[in-house]
file upload-v9.txt (compact mmCIF, C-alpha atoms)
# COMPACT_ATOMS: atom_id res chain seq x y z
CA MET A 1 97.56 106.28 79.52
CA ARG A 2 99.28 108.53 81.98
CA LEU A 3 102.91 107.59 81.97
CA SER A 4 102.76 107.35 85.70
CA GLY A 5 100.24 104.57 85.21
CA LEU A 6 102.82 102.46 83.56
CA GLY A 7 104.76 102.27 86.75
CA LYS A 8 102.00 100.28 88.30
CA THR A 9 103.17 97.29 86.38
CA LEU A 10 106.90 97.54 86.81
CA GLY A 11 106.92 93.84 87.56
CA ALA A 12 108.69 91.78 85.00
CA THR A 13 106.59 88.98 83.62
CA GLY A 14 107.93 85.55 83.03
CA GLU A 15 107.50 86.22 79.32
CA ALA A 16 109.86 89.21 79.44
CA VAL A 17 112.44 87.23 81.34
CA GLU A 18 112.17 84.45 78.79
CA ARG A 19 112.77 86.96 76.04
CA GLY A 20 115.97 87.91 77.79
CA ILE A 21 115.08 91.51 78.55
CA ASP A 22 117.85 93.31 80.43
CA PHE A 23 116.38 95.36 83.29
CA ASP A 24 119.69 97.15 83.81
CA GLU A 25 119.94 98.59 87.30
CA LEU A 26 116.19 98.84 87.95
CA PRO A 27 116.04 95.65 90.09
CA SER A 28 118.72 97.08 92.42
CA TYR A 29 116.46 100.02 93.31
CA VAL A 30 114.46 99.55 96.48
CA GLY A 31 111.75 101.73 94.91
CA TYR A 32 111.53 99.27 92.04
CA GLN A 33 111.41 96.30 94.42
CA VAL A 34 108.49 97.87 96.28
CA ARG A 35 106.78 98.68 92.99
CA ARG A 36 107.16 95.17 91.66
CA ALA A 37 105.72 93.64 94.82
CA GLN A 38 102.88 96.15 94.81
CA ALA A 39 102.05 95.43 91.16
CA ARG A 40 101.87 91.70 91.81
CA LEU A 41 99.74 92.04 94.93
CA PHE A 42 97.41 94.44 93.14
CA SER A 43 96.97 92.11 90.22
CA GLU A 44 95.84 89.43 92.69
CA LEU A 45 93.35 91.88 94.18
CA GLU A 46 92.23 93.04 90.75
CA ALA A 47 91.50 89.49 89.71
CA ALA A 48 89.54 88.85 92.90
CA LEU A 49 87.47 92.04 92.55
CA ARG A 50 86.71 91.71 88.84
CA VAL A 51 83.53 89.72 89.50
CA PHE A 52 82.21 92.77 91.38
CA GLU A 53 83.30 95.13 88.61
CA LEU A 54 85.46 96.85 91.19
CA THR A 55 89.18 97.60 91.30
CA PRO A 56 91.39 97.93 94.36
CA GLY A 57 90.99 101.69 93.92
CA SER A 58 87.20 101.79 93.70
CA PHE A 59 86.98 99.26 96.53
CA GLY A 60 89.08 101.63 98.62
CA VAL A 61 86.68 104.46 97.81
CA LEU A 62 83.67 102.36 98.82
CA THR A 63 85.45 101.38 102.04
CA LEU A 64 86.08 104.99 102.97
CA ILE A 65 82.55 106.12 102.11
CA HIS A 66 81.20 103.18 104.13
CA ALA A 67 83.39 104.08 107.12
CA ASN A 68 82.79 107.82 106.77
CA PRO A 69 79.15 108.37 105.80
CA GLY A 70 78.62 111.88 104.45
CA VAL A 71 82.28 112.34 103.53
CA THR A 72 82.89 114.93 100.83
CA GLN A 73 84.61 114.28 97.54
CA GLY A 74 87.36 116.68 98.58
CA ALA A 75 88.06 114.80 101.79
CA LEU A 76 88.11 111.51 99.89
CA ALA A 77 90.54 112.93 97.35
CA ALA A 78 92.78 114.14 100.17
CA ALA A 79 92.58 110.74 101.86
CA PHE A 80 93.84 109.03 98.71
CA GLY A 81 96.29 111.79 97.89
CA VAL A 82 94.73 112.62 94.52
CA ASP A 83 93.17 115.86 93.31
CA LYS A 84 89.43 116.29 93.02
CA SER A 85 89.42 116.07 89.23
CA THR A 86 90.93 112.60 89.57
CA MET A 87 88.44 111.47 92.18
CA SER A 88 85.37 112.84 90.40
CA PRO A 89 85.01 110.25 87.59
CA VAL A 90 85.41 107.41 90.10
CA ILE A 91 82.52 108.78 92.14
CA VAL A 92 80.43 109.41 89.03
CA ARG A 93 80.88 105.81 87.95
CA LEU A 94 79.98 104.40 91.36
CA GLU A 95 76.97 106.71 91.43
CA ARG A 96 75.78 105.58 87.99
CA ARG A 97 76.04 101.99 89.16
CA GLY A 98 73.80 102.86 92.08
CA LEU A 99 76.48 102.06 94.65
CA VAL A 100 76.98 105.61 95.90
CA ARG A 101 74.55 108.48 96.35
CA ARG A 102 75.18 112.19 96.85
CA GLU A 103 73.34 114.63 98.99
CA VAL A 104 73.67 118.37 98.57
CA GLN A 105 74.71 119.85 101.89
CA ALA A 106 72.32 122.47 103.22
CA HIS A 107 75.06 124.76 104.52
CA ASP A 108 77.21 124.58 101.40
CA ARG A 109 75.44 123.71 98.17
CA ARG A 110 78.70 123.27 96.29
CA ARG A 111 79.72 120.37 98.49
CA HIS A 112 78.12 116.97 98.19
CA ALA A 113 78.00 114.50 101.02
CA LEU A 114 78.61 110.92 99.86
CA PHE A 115 76.89 107.82 101.18
CA LEU A 116 76.89 104.16 100.32
CA ALA A 117 73.56 103.45 98.64
CA PRO A 118 71.48 100.93 100.63
CA ALA A 119 71.49 98.66 97.57
CA ALA A 120 75.29 98.72 97.61
CA GLU A 121 75.63 97.01 100.97
CA PRO A 122 75.55 93.41 99.68
CA THR A 123 78.08 94.18 96.92
CA TYR A 124 80.32 96.04 99.34
CA ARG A 125 80.20 93.28 101.95
CA ALA A 126 80.84 90.52 99.43
CA ALA A 127 83.76 92.46 97.95
CA ARG A 128 85.15 93.15 101.42
CA ASP A 129 84.96 89.48 102.35
CA LYS A 130 86.79 88.63 99.14
CA VAL A 131 89.48 91.22 99.81
CA ARG A 132 89.91 89.88 103.35
CA THR A 133 90.38 86.36 101.99
CA VAL A 134 92.96 87.51 99.45
CA GLU A 135 94.73 89.64 102.06
CA GLU A 136 94.88 86.71 104.47
CA SER A 137 96.35 84.44 101.81
CA ILE A 138 98.96 87.09 100.95
CA ALA A 139 99.85 87.73 104.59
CA ALA A 140 100.10 83.98 105.24
CA ARG A 141 103.17 83.87 103.01
CA LEU A 142 105.04 85.53 105.87
CA THR A 143 105.28 84.56 109.53
CA GLU A 144 103.70 86.98 111.98
CA VAL A 145 107.15 88.23 112.96
CA GLU A 146 107.97 88.82 109.30
CA GLN A 147 104.66 90.66 108.76
CA ARG A 148 105.46 93.06 111.57
CA GLU A 149 109.03 93.54 110.36
CA LEU A 150 107.85 94.24 106.81
CA GLY A 151 105.39 96.83 108.11
CA ARG A 152 108.11 98.48 110.16
CA LEU A 153 110.58 98.56 107.26
CA LEU A 154 107.99 99.96 104.84
CA VAL A 155 107.19 102.81 107.22
CA LYS A 156 110.87 103.47 107.90
CA LEU A 157 111.54 103.54 104.16
CA GLN A 158 109.07 106.40 103.76
CA GLY A 159 111.26 108.66 105.85
CA ALA A 160 110.80 110.73 108.94
CA ASP A 161 107.51 112.33 107.92
CA ALA A 162 105.74 109.00 107.36
CA PRO A 163 102.74 108.22 109.57
CA MET B 1 90.78 107.82 85.22
CA ARG B 2 90.94 104.08 85.40
CA LEU B 3 89.78 103.08 88.82
CA SER B 4 92.89 101.02 89.17
CA GLY B 5 94.83 104.24 88.86
CA LEU B 6 93.35 105.50 92.03
CA GLY B 7 95.08 102.80 93.95
CA LYS B 8 98.41 104.35 93.13
CA THR B 9 97.79 106.95 95.76
CA LEU B 10 96.42 104.85 98.57
CA GLY B 11 98.64 106.79 100.90
CA ALA B 12 96.75 108.93 103.33
CA THR B 13 97.83 112.54 103.28
CA GLY B 14 98.31 114.57 106.40
CA GLU B 15 95.29 116.57 105.33
CA ALA B 16 93.06 113.50 105.35
CA VAL B 17 94.29 112.47 108.75
CA GLU B 18 93.63 115.98 110.03
CA ARG B 19 90.11 115.75 108.72
CA GLY B 20 89.69 112.63 110.80
CA ILE B 21 89.04 110.21 107.97
CA ASP B 22 88.53 106.65 109.17
CA PHE B 23 90.48 104.21 107.00
CA ASP B 24 88.66 101.26 108.54
CA GLU B 25 90.62 98.04 108.13
CA LEU B 26 92.65 99.15 105.10
CA PRO B 27 95.81 99.94 107.12
CA SER B 28 95.83 96.41 108.53
CA TYR B 29 96.20 94.95 105.03
CA VAL B 30 99.76 94.19 104.02
CA GLY B 31 98.75 94.95 100.43
CA TYR B 32 97.68 98.42 101.54
CA GLN B 33 100.92 98.93 103.47
CA VAL B 34 102.95 98.05 100.38
CA ARG B 35 100.74 100.32 98.27
CA ARG B 36 101.11 103.24 100.62
CA ALA B 37 104.90 102.92 100.72
CA GLN B 38 105.03 102.58 96.95
CA ALA B 39 102.85 105.66 96.43
CA ARG B 40 105.08 107.77 98.64
CA LEU B 41 108.30 106.56 97.03
CA PHE B 42 106.85 107.15 93.58
CA SER B 43 105.79 110.67 94.42
CA GLU B 44 109.41 111.37 95.40
CA LEU B 45 110.58 109.99 92.07
CA GLU B 46 107.85 111.84 90.18
CA ALA B 47 108.93 115.13 91.72
CA ALA B 48 112.57 114.43 90.85
CA LEU B 49 111.78 113.50 87.23
CA ARG B 50 109.36 116.35 86.53
CA VAL B 51 112.13 118.65 85.32
CA PHE B 52 112.84 116.09 82.55
CA GLU B 53 109.13 115.78 81.73
CA LEU B 54 109.44 112.12 82.57
CA THR B 55 107.59 109.91 85.03
CA PRO B 56 108.89 106.82 86.82
CA GLY B 57 107.03 104.84 84.14
CA SER B 58 108.46 106.58 81.10
CA PHE B 59 111.88 106.58 82.73
CA GLY B 60 111.56 102.82 83.08
CA VAL B 61 110.69 102.54 79.40
CA LEU B 62 113.74 104.63 78.41
CA THR B 63 115.92 102.49 80.68
CA LEU B 64 114.76 99.29 79.03
CA ILE B 65 115.12 100.67 75.50
CA HIS B 66 118.60 101.92 76.40
CA ALA B 67 119.59 98.53 77.83
CA ASN B 68 117.92 96.57 75.03
CA PRO B 69 118.49 98.43 71.76
CA GLY B 70 116.10 97.23 69.07
CA VAL B 71 113.59 95.87 71.56
CA THR B 72 110.05 95.56 70.22
CA GLN B 73 107.01 97.24 71.69
CA GLY B 74 105.57 93.83 72.46
CA ALA B 75 108.62 92.75 74.43
CA LEU B 76 108.58 96.05 76.34
CA ALA B 77 104.90 95.60 77.15
CA ALA B 78 105.60 92.08 78.41
CA ALA B 79 108.52 93.34 80.48
CA PHE B 80 106.27 95.82 82.26
CA GLY B 81 103.33 93.43 82.41
CA VAL B 82 101.00 95.67 80.39
CA ASP B 83 99.29 95.01 77.08
CA LYS B 84 100.50 96.58 73.84
CA SER B 85 97.64 99.07 73.68
CA THR B 86 98.78 100.44 77.03
CA MET B 87 102.41 100.67 75.98
CA SER B 88 101.75 102.24 72.60
CA PRO B 89 100.85 105.83 73.67
CA VAL B 90 103.91 105.94 75.94
CA ILE B 91 106.15 105.08 73.02
CA VAL B 92 104.34 107.52 70.72
CA ARG B 93 104.90 110.34 73.20
CA LEU B 94 108.58 109.54 73.65
CA GLU B 95 108.92 109.33 69.87
CA ARG B 96 107.26 112.72 69.35
CA ARG B 97 109.65 114.23 71.85
CA GLY B 98 112.53 112.86 69.82
CA LEU B 99 113.72 110.60 72.61
CA VAL B 100 112.91 107.29 70.93
CA ARG B 101 113.04 106.23 67.31
CA ARG B 102 111.51 103.25 65.56
CA GLU B 103 112.92 101.16 62.77
CA VAL B 104 110.80 98.84 60.71
CA GLN B 105 112.29 95.36 60.90
CA ALA B 106 113.25 93.93 57.53
CA HIS B 107 112.05 90.41 58.37
CA ASP B 108 108.74 91.47 59.90
CA ARG B 109 107.38 94.81 58.76
CA ARG B 110 104.67 94.81 61.42
CA ARG B 111 107.22 94.88 64.21
CA HIS B 112 109.16 98.00 65.01
CA ALA B 113 112.53 97.93 66.68
CA LEU B 114 112.94 100.69 69.26
CA PHE B 115 116.09 102.65 69.95
CA LEU B 116 117.04 105.56 72.13
CA ALA B 117 117.50 108.53 69.81
CA PRO B 118 121.08 109.87 69.90
CA ALA B 119 119.71 113.23 71.05
CA ALA B 120 118.05 111.48 74.00
CA GLU B 121 121.30 110.37 75.60
CA PRO B 122 121.92 113.54 77.65
CA THR B 123 118.32 113.60 78.93
CA TYR B 124 118.42 109.91 79.75
CA ARG B 125 121.74 110.14 81.57
CA ALA B 126 120.71 113.20 83.56
CA ALA B 127 117.42 111.55 84.53
CA ARG B 128 119.23 108.34 85.48
CA ASP B 129 121.68 110.24 87.67
CA LYS B 130 118.76 111.95 89.36
CA VAL B 131 116.96 108.66 89.92
CA ARG B 132 120.13 107.15 91.39
CA THR B 133 120.43 110.05 93.81
CA VAL B 134 116.81 109.73 94.91
CA GLU B 135 117.14 105.95 95.20
CA GLU B 136 120.26 106.31 97.32
CA SER B 137 118.55 108.75 99.66
CA ILE B 138 115.56 106.39 99.99
CA ALA B 139 117.72 103.34 100.59
CA ALA B 140 119.79 105.25 103.16
CA ARG B 141 116.76 105.35 105.45
CA LEU B 142 117.44 101.66 106.12
CA THR B 143 120.62 99.93 107.21
CA GLU B 144 122.15 97.54 104.69
CA VAL B 145 120.86 94.59 106.71
CA GLU B 146 117.37 96.11 106.66
CA GLN B 147 117.57 96.73 102.91
CA ARG B 148 118.35 93.08 102.28
CA GLU B 149 115.64 91.93 104.68
CA LEU B 150 113.06 94.19 103.02
CA GLY B 151 114.00 92.82 99.60
CA ARG B 152 113.68 89.25 100.89
CA LEU B 153 110.30 89.89 102.53
CA LEU B 154 108.92 91.64 99.43
CA VAL B 155 109.88 88.68 97.25
CA LYS B 156 108.49 86.19 99.77
CA LEU B 157 105.25 88.16 99.93
CA GLN B 158 104.75 87.66 96.21
CA GLY B 159 104.42 83.93 96.67
CA ALA B 160 106.15 80.90 95.33
CA ASP B 161 106.12 81.94 91.66
CA ALA B 162 107.91 85.23 92.30
CA PRO B 163 111.33 85.74 90.67
call {"tool": "encode", "arguments": {"input": "upload-v9.txt", "output": "structure tokens"}}
result
Amino acid sequence: MRLSGLGKTLGATGEAVERGIDFDELPSYVGYQVRRAQARLFSELEAALRVFELTPGSFGVLTLIHANPGVTQGALAAAFGVDKSTMSPVIVRLERRGLVRREVQAHDRRRHALFLAPAAEPTYRAARDKVRTVEESIAARLTEVEQRELGRLLVKLQGADAP
Amino acid sequence: MRLSGLGKTLGATGEAVERGIDFDELPSYVGYQVRRAQARLFSELEAALRVFELTPGSFGVLTLIHANPGVTQGALAAAFGVDKSTMSPVIVRLERRGLVRREVQAHDRRRHALFLAPAAEPTYRAARDKVRTVEESIAARLTEVEQRELGRLLVKLQGADAP
């Protein structure tokens, strides 16, 4: 694995706590707190998407291709903040599954325009409905005021150049 | 890459926004908001740790080995919520770099106790100081009241079984 991948699971499990693992100062870091919450929320999404053989990441890719028909791999990579070599295998896998198709662009044969395959629509819609349900159940843990405050604090935490 | 890995960067870059990518309903999801914040904070940490050839993930592993001398790989994996096969290559790499050493346990030869190598102390301390500095600069974007509120909301968001 990439070491960076490990970070995705910086959430202590009950098992680790039971074993008396000392997390030292990690839990005092706001970055760690955000990571732990993110890891737990993603594992809920992962579980919900497993039946579709999708992950939160590949669902995000399908969502962006669906919303941006003809998007290029480069634009997708930029949207997710990864380089093209990272995006490529994700697209290849979705293509092999018949969920995404590529079209060579007439004006630039090196660039491929990406589209959701017609056969992918039912899978995409079912997965999206599932994600909505999970998202609603997560959001419902907070009041609406708290949801807005959390959103504001998360943006503020990212510093002045955040969107 | 694992598709799940893609999610780590669900933060739109300025480039993507300039290209006019439509993120559809993703930004309305609290899970996406947490993911985006986490991705940005982690990229700050990644940049800070690069000089040590560490990532936030491998730094976390060093921190836990430092705080729990003799910890087993299984306990570490549980602490980070990953399976042993995911943890193993991280440990192998840290061992090859001379930062971590293993000792076979007398009472159970299949289990290895992990220790920070003496030569790793300066690297670990320098990396920890760097992480503290980055963490302080991140936290300083919020007031102390906001920091506490963010921590509370992140825990609440994880549901009733959160720590």
call {"tool": "closest_residue", "arguments": {"input": "upload-v9.txt", "among": "B:Pro69, B:Pro27, B:Pro56, B:Gly98", "to": "chain A", "atoms": "all atoms listed in the file"}}
result
B:Pro56
call {"tool": "calpha_fit_and_write", "arguments": {"input": "upload-v9.txt", "fixed": "chain B", "moving": "chain A", "output": "short mmCIF file (atom, residue, chain, number, x, y, z; two decimals) with C-alpha atoms, in the frame of the given file"}}
result
data_model
loop_
_atom_site.label_atom_id
_atom_site.label_comp_id
_atom_site.auth_asym_id
_atom_site.auth_seq_id
_atom_site.Cartn_x
_atom_site.Cartn_y
_atom_site.Cartn_z
CA MET A 1 90.85 107.81 85.23
CA ARG A 2 91.02 104.07 85.40
CA LEU A 3 89.85 103.07 88.82
CA SER A 4 92.94 100.99 89.16
CA GLY A 5 94.89 104.22 88.86
CA LEU A 6 93.42 105.46 92.05
CA GLY A 7 95.15 102.75 93.95
CA LYS A 8 98.45 104.31 93.15
CA THR A 9 97.77 106.92 95.75
CA LEU A 10 96.37 104.83 98.55
CA GLY A 11 98.60 106.76 100.91
CA ALA A 12 96.74 108.89 103.35
CA THR A 13 97.82 112.49 103.32
CA GLY A 14 98.30 114.49 106.43
CA GLU A 15 95.29 116.53 105.37
CA ALA A 16 93.03 113.47 105.38
CA VAL A 17 94.27 112.43 108.78
CA GLU A 18 93.63 115.93 110.07
CA ARG A 19 90.10 115.73 108.75
CA GLY A 20 89.65 112.61 110.82
CA ILE A 21 89.03 110.20 107.97
CA ASP A 22 88.49 106.64 109.19
CA PHE A 23 90.46 104.20 107.01
CA ASP A 24 88.63 101.25 108.54
CA GLU A 25 90.61 98.05 108.15
CA LEU A 26 92.64 99.15 105.11
CA PRO A 27 95.80 99.97 107.14
CA SER A 28 95.82 96.41 108.56
CA TYR A 29 96.19 94.96 105.05
CA VAL A 30 99.75 94.20 104.04
CA GLY A 31 98.73 94.96 100.45
CA TYR A 32 97.68 98.42 101.55
CA GLN A 33 100.91 98.93 103.49
CA VAL A 34 102.94 98.07 100.39
CA ARG A 35 100.75 100.33 98.28
CA ARG A 36 101.11 103.26 100.63
CA ALA A 37 104.89 102.94 100.71
CA GLN A 38 105.00 102.59 96.94
CA ALA A 39 102.83 105.67 96.42
CA ARG A 40 105.08 107.77 98.64
CA LEU A 41 108.29 106.58 97.03
CA PHE A 42 106.84 107.16 93.57
CA SER A 43 105.78 110.67 94.42
CA GLU A 44 109.40 111.39 95.40
CA LEU A 45 110.56 109.99 92.06
CA GLU A 46 107.85 111.85 90.18
CA ALA A 47 108.93 115.12 91.71
CA ALA A 48 112.57 114.44 90.84
CA LEU A 49 111.78 113.50 87.22
CA ARG A 50 109.35 116.34 86.52
CA VAL A 51 112.14 118.64 85.31
CA PHE A 52 112.83 116.09 82.56
CA GLU A 53 109.14 115.78 81.72
CA LEU A 54 109.45 112.11 82.57
CA THR A 55 107.58 109.90 85.03
CA PRO A 56 108.86 106.82 86.81
CA GLY A 57 107.02 104.83 84.14
CA SER A 58 108.45 106.58 81.10
CA PHE A 59 111.89 106.58 82.72
CA GLY A 60 111.56 102.82 83.08
CA VAL A 61 110.71 102.55 79.39
CA LEU A 62 113.74 104.63 78.42
CA THR A 63 115.92 102.48 80.69
CA LEU A 64 114.77 99.29 79.03
CA ILE A 65 115.13 100.65 75.50
CA HIS A 66 118.61 101.92 76.43
CA ALA A 67 119.59 98.51 77.84
CA ASN A 68 117.92 96.57 75.03
CA PRO A 69 118.50 98.43 71.76
CA GLY A 70 116.11 97.22 69.07
CA VAL A 71 113.59 95.86 71.57
CA THR A 72 110.06 95.57 70.22
CA GLN A 73 107.03 97.26 71.69
CA GLY A 74 105.58 93.84 72.45
CA ALA A 75 108.62 92.76 74.43
CA LEU A 76 108.58 96.05 76.34
CA ALA A 77 104.90 95.62 77.15
CA ALA A 78 105.59 92.09 78.39
CA ALA A 79 108.51 93.35 80.48
CA PHE A 80 106.26 95.84 82.25
CA GLY A 81 103.32 93.46 82.40
CA VAL A 82 101.00 95.70 80.38
CA ASP A 83 99.29 95.04 77.06
CA LYS A 84 100.50 96.60 73.84
CA SER A 85 97.63 99.09 73.65
CA THR A 86 98.79 100.46 77.00
CA MET A 87 102.42 100.69 75.97
CA SER A 88 101.75 102.26 72.57
CA PRO A 89 100.86 105.84 73.65
CA VAL A 90 103.92 105.95 75.92
CA ILE A 91 106.16 105.09 72.99
CA VAL A 92 104.36 107.53 70.70
CA ARG A 93 104.92 110.33 73.18
CA LEU A 94 108.61 109.55 73.64
CA GLU A 95 108.95 109.34 69.86
CA ARG A 96 107.28 112.73 69.34
CA ARG A 97 109.68 114.22 71.85
CA GLY A 98 112.55 112.85 69.81
CA LEU A 99 113.75 110.59 72.62
CA VAL A 100 112.93 107.29 70.93
CA ARG A 101 113.06 106.23 67.30
CA ARG A 102 111.53 103.24 65.54
CA GLU A 103 112.92 101.15 62.78
CA VAL A 104 110.78 98.84 60.69
CA GLN A 105 112.27 95.36 60.88
CA ALA A 106 113.18 93.91 57.50
CA HIS A 107 111.99 90.40 58.34
CA ASP A 108 108.69 91.48 59.87
CA ARG A 109 107.32 94.83 58.75
CA ARG A 110 104.62 94.82 61.41
CA ARG A 111 107.19 94.90 64.19
CA HIS A 112 109.17 98.00 65.01
CA ALA A 113 112.53 97.91 66.68
CA LEU A 114 112.95 100.68 69.26
CA PHE A 115 116.11 102.64 69.94
CA LEU A 116 117.07 105.55 72.13
CA ALA A 117 117.52 108.53 69.82
CA PRO A 118 121.11 109.86 69.91
CA ALA A 119 119.72 113.22 71.06
CA ALA A 120 118.07 111.46 74.00
CA GLU A 121 121.31 110.35 75.61
CA PRO A 122 121.94 113.52 77.66
CA THR A 123 118.33 113.59 78.93
CA TYR A 124 118.42 109.90 79.74
CA ARG A 125 121.75 110.13 81.57
CA ALA A 126 120.72 113.19 83.56
CA ALA A 127 117.43 111.55 84.52
CA ARG A 128 119.23 108.34 85.48
CA ASP A 129 121.68 110.23 87.67
CA LYS A 130 118.75 111.95 89.35
CA VAL A 131 116.95 108.66 89.92
CA ARG A 132 120.13 107.16 91.38
CA THR A 133 120.42 110.07 93.81
CA VAL A 134 116.80 109.74 94.90
CA GLU A 135 117.12 105.96 95.19
CA GLU A 136 120.25 106.31 97.32
CA SER A 137 118.54 108.77 99.65
CA ILE A 138 115.55 106.42 99.98
CA ALA A 139 117.72 103.36 100.59
CA ALA A 140 119.79 105.29 103.15
CA ARG A 141 116.76 105.37 105.44
CA LEU A 142 117.44 101.69 106.12
CA THR A 143 120.63 99.96 107.21
CA GLU A 144 122.16 97.58 104.69
CA VAL A 145 120.87 94.63 106.70
CA GLU A 146 117.38 96.14 106.67
CA GLN A 147 117.58 96.75 102.90
CA ARG A 148 118.37 93.10 102.28
CA GLU A 149 115.65 91.95 104.68
CA LEU A 150 113.08 94.21 103.02
CA GLY A 151 114.01 92.82 99.61
CA ARG A 152 113.70 89.27 100.90
CA LEU A 153 110.32 89.91 102.53
CA LEU A 154 108.93 91.65 99.44
CA VAL A 155 109.87 88.69 97.26
CA LYS A 156 108.50 86.20 99.79
CA LEU A 157 105.26 88.17 99.95
CA GLN A 158 104.75 87.66 96.22
CA GLY A 159 104.42 83.92 96.72
CA ALA A 160 106.12 80.88 95.34
CA ASP A 161 106.04 81.93 91.69
CA ALA A 162 107.86 85.23 92.31
CA PRO A 163 111.24 85.71 90.64
#
call {"tool": "closest_residue", "arguments": {"input": "upload-v9.txt", "among": "B:Ala127, B:Leu26, B:Leu116, B:Ala79", "to": "chain A", "atoms": "all atoms listed in the file"}}
result
B:Ala79
call {"tool": "atom_distance", "arguments": {"input": "upload-v9.txt", "atom1": "CA of Gln73 in chain A", "atom2": "CA of Ile21 in chain B"}}
result
12.0 Å
call {"tool": "atom_distance", "arguments": {"input": "upload-v9.txt", "atom1": "CA of Glu144 in chain A", "atom2": "CA of Glu135 in chain B"}}
result
28.7 Å
call {"tool": "atom_distance", "arguments": {"input": "upload-v9.txt", "atom1": "CA of Val51 in chain B", "atom2": "CA of Lys130 in chain B"}}
result
10.3 Å
call {"tool": "closest_residue", "arguments": {"input": "upload-v9.txt", "among": "B:Thr133, B:Ser28, B:Ser88, B:Gly151", "to": "His112 in chain B", "atoms": "all atoms listed in the file"}}
result
B:Ser88
call {"tool": "residues_near_point", "arguments": {"input": "upload-v9.txt", "point": "(119.8, 102.6, 100.6)", "cutoff": "12 Å", "atoms": "all atoms listed in the file", "output": "PyMOL selection string"}}
result
(chain A and resi 28-31+156-159) or (chain B and resi 132-148+150-151)
call {"tool": "residues_around", "arguments": {"input": "upload-v9.txt", "residues": "Thr55 in chain A", "least_positions_apart": "2", "cutoff": "8 Å", "atoms": "all atoms listed in the file", "output": "MDAnalysis selection string"}}
result
(chainID A and resid 45:46 49:50 53 57:59) or (chainID B and resid 3:4)
call {"tool": "closest_residue", "arguments": {"input": "upload-v9.txt", "among": "A:Val71, A:Leu153, A:Val131, A:Ala47", "to": "Phe115 in chain A", "atoms": "all atoms listed in the file"}}
result
A:Val71
call {"tool": "closest_residue", "arguments": {"input": "upload-v9.txt", "among": "B:Ala48, B:Leu64, B:Ala77, B:Ala106", "to": "Pro89 in chain B", "atoms": "all atoms listed in the file"}}
result
B:Ala77
call {"tool": "closest_residue", "arguments": {"input": "upload-v9.txt", "among": "A:Lys84, A:Phe52, A:Ala78, A:Gln38", "to": "Gly20 in chain B", "atoms": "only C-alpha atoms"}}
result
A:Ala78
call {"tool": "residues_around", "arguments": {"input": "upload-v9.txt", "residues": "Gly74 in chain A", "least_positions_apart": "6", "cutoff": "9 Å", "atoms": "all atoms listed in the file", "output": "MDAnalysis selection string"}}
result
chainID A and resid 83:84 87 111
call {"tool": "axis_aligned_box", "arguments": {"input": "upload-v9.txt", "around": "range 101-117 of chain B", "padding_each_side": "6 Å", "output": "JSON"}}
result
{"center_x": 111.1, "center_y": 99.5, "center_z": 64.8, "size_x": 24.8, "size_y": 30.1, "size_z": 26.6}
call {"tool": "residues_around", "arguments": {"input": "upload-v9.txt", "residues": "Leu154 in chain B", "least_positions_apart": "5", "cutoff": "8 Å", "atoms": "only C-alpha atoms", "output": "list in words"}}
result
Gln33, Val34, Ala37 and Leu150 of chain A
call {"tool": "decode", "arguments": {"input": "upload-v9.txt", "residues": "range 38-48 of chain B", "atoms": "N, CA and C atoms", "output": "CSV table (one decimal), in the first residue's frame"}}
result
chain,number,residue,atom,x,y,z
B,38,GLN,N,-10.4,17.0,4.9
B,38,GLN,CA,-9.4,16.0,5.3
B,38,GLN,C,-8.3,16.0,4.2
B,39,ALA,N,-8.7,16.0,3.0
B,39,ALA,CA,-7.7,15.8,1.9
B,39,ALA,C,-6.8,17.1,1.9
B,40,ARG,N,-7.4,18.2,2.1
B,40,ARG,CA,-6.5,19.4,2.1
B,40,ARG,C,-5.6,19.5,3.3
B,41,LEU,N,-6.1,19.1,4.5
B,41,LEU,CA,-5.2,19.1,5.6
B,41,LEU,C,-4.1,18.0,5.5
B,42,PHE,N,-4.5,16.9,4.9
B,42,PHE,CA,-3.4,15.8,4.7
B,42,PHE,C,-2.4,16.3,3.7
B,43,SER,N,-2.8,17.0,2.7
B,43,SER,CA,-1.8,17.4,1.7
B,43,SER,C,-0.8,18.4,2.3
B,44,GLU,N,-1.3,19.2,3.3
B,44,GLU,CA,-0.4,20.0,4.0
B,44,GLU,C,0.6,19.2,4.9
B,45,LEU,N,0.1,18.2,5.5
B,45,LEU,CA,1.0,17.3,6.3
B,45,LEU,C,1.9,16.5,5.4
B,46,GLU,N,1.4,16.0,4.3
B,46,GLU,CA,2.3,15.3,3.4
B,46,GLU,C,3.4,16.1,2.9
B,47,ALA,N,3.2,17.4,2.6
B,47,ALA,CA,4.2,18.3,2.1
B,47,ALA,C,5.3,18.5,3.2
B,48,ALA,N,4.8,18.6,4.5
B,48,ALA,CA,5.7,18.9,5.6
B,48,ALA,C,6.5,17.7,5.9
